[in-house]
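Written out below as structure tokens is the structure these notes cover.
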Amino acid sequence: SLRRQRQMCIRDRLFPTLSIYCVCAVIVVVSQLIYAAVGFGSGLFALSTMALLVPDLAGVVVSLFALNVVTEVVILTRIWRQGRLGLLLSLVPTTLVGIWLGTEVLKKFDLSGDFGALRRVLGIVVVAMGLWFFAQDRATSSGGRDRDSRSNGIRWWIDGPTGLIAGTLMALFGTGGPPIVAVLKTHNVTKAVFRATMVWYFFVVSLARTGTYLGAGMLEVRDLIAAGWLLPPAFVGMALGLRVHRALSEFYFARAVSTLLVILGLVLVIGAGAR
């Protein structure tokens with residue numbers, strides 16, 4: 001029957017049981033809600049939670065990667081004009097260099113013994129960053145400072161090195177969002193510009209990583225099928241996230257970004273301790 005075929009497809013691919021698929025679908029709804037609302041955080045949230053349920057971690061990484069490429073395209077069809085090209089040009093090239101650098105470090109050095117400790121330090125830094133921005137948000141609000149829809153100019157001496165750090169962290173730990181969040185926060189852009197620029201950034205980097213995955217033979221049909229199974233819940237989360245973004249004021253959007261940084265930092269710390 002069709003029902004049996006669907007269950008067999010799920011079991012034989014990425015998800016061991018139908019119940020695990022259902023839980024993963026809920027995780028995807030939440031992660032895409034976060035992504036569509038604020039522009040970052042979905043990958044680390046989905047990966048850290050799904051890794052507790054699905055034994056094939058590599059398959060989870062590739063499936064979530066393929067899923068995010070699709071959702072990024074859909075989101076950008078709605079908000080692509082709001083991104084800032086200058087910021088992207090100052091961040092993306094050095095990010096790609098950082099991804100290459102981090103990959104070479106993984107190839108040449110055995111970091112298995114220090115990986116948990118390094119991840120924990122990164123988590124602590126991200127938590128501190130989130131708390132600092134939380135305090136800055138309050139000061140900005142009380143001072144009546146307006147946010148700029150254009151950005152405060154391109155600072156190559158800051159943005160370029162930040163992209164390099166983000167790319168290196170992306171290759172080493174699978175999370176490069178926090179440094180980019182930090183640099184966009186310092187530009188004091190509006191919530192619409194922040195989200196659109198973040199999504200554009202991750203989309204361009206994803207296109208570059210697609211070539212890497214294809215060259216390494218990592219994009220297998222079974223993982224793409226799994227991503228297809230997760231598309232319906234992803235679209236639900238995306239629709240909810242777009243509505244949440246419209247409902248948030250500039251102040252509460254900034255608070256949401258700072259809070260999400262703290263949560264992601266804690267996920268890194270807890271995940272490092274669990275390894």
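By order in the structure tokens, chains are A, B, ...; within a chain, residues start at 1; ligands start at 1, following the order shown.
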
### Task
For Arg155 of chain A, please output as a PyMOL selection string all residues within 9 Å (counting only C-alpha atoms; exclusion window: fewer than 4 positions along the same chain).
chain A and resi 87+90+159-160

### Query
Got a sec: who's within 8 Å of segment 65-67 of chain A, counting only C-alpha atoms, leaving out chain neighbours fewer than 6 positions off, as a ChimeraX atom specification?
/A:206,224,227-228,230-231,234

Counting only C-alpha atoms, which residues of segment 8-123 of chain A fall within 7 Å of segment 180-203 of chain A, and what is the closest atom pair for each with its distance in Å at one decimal, ordered by chain and rising number, as a Markdown table?
| residue | atom | partner | partner_atom | distance |
| --- | --- | --- | --- | --- |
| A:Val38 | CA | A:Arg195 | CA | 5.4 |
| A:Gly39 | CA | A:Arg195 | CA | 4.5 |
| A:Phe40 | CA | A:Met198 | CA | 6.8 |
| A:Val69 | CA | A:Phe203 | CA | 6.5 |
| A:Glu72 | CA | A:Phe203 | CA | 6.1 |
| A:Ile79 | CA | A:Ala196 | CA | 6.0 |
| A:Trp80 | CA | A:Ala196 | CA | 6.4 |
| A:Gln82 | CA | A:Val193 | CA | 5.3 |
| A:Gly83 | CA | A:Thr197 | CA | 4.3 |
| A:Arg84 | CA | A:Thr197 | CA | 5.9 |
| A:Leu88 | CA | A:Tyr201 | CA | 6.3 |
| A:Val92 | CA | A:Tyr201 | CA | 6.8 |

### Task
Could you give me the residues within segment 118-257 of chain A that DSSP places in alpha helix (DSSP H), as an NGL selection string?
:A and (118-143 or 156-173 or 177-186 or 191-215 or 221-247 or 250-257)

### Query
Within 10 Å of Ile27 of chain A, counting only C-alpha atoms, which residues qualify if same-chain residues fewer than 5 places away don't, as a list in words?
Tyr21, Cys22, Gln32, Leu33, Ser42, Phe45, Ala46, Leu47, Thr49, Met50, Leu230, Pro233, Ala234 and Gly237 of chain A

#### Entry: Counting only C-alpha atoms, the residue of A:Leu248, A:Val127, A:Val204, A:Val29 that sits nearest Ile263 of chain A
A:Val127
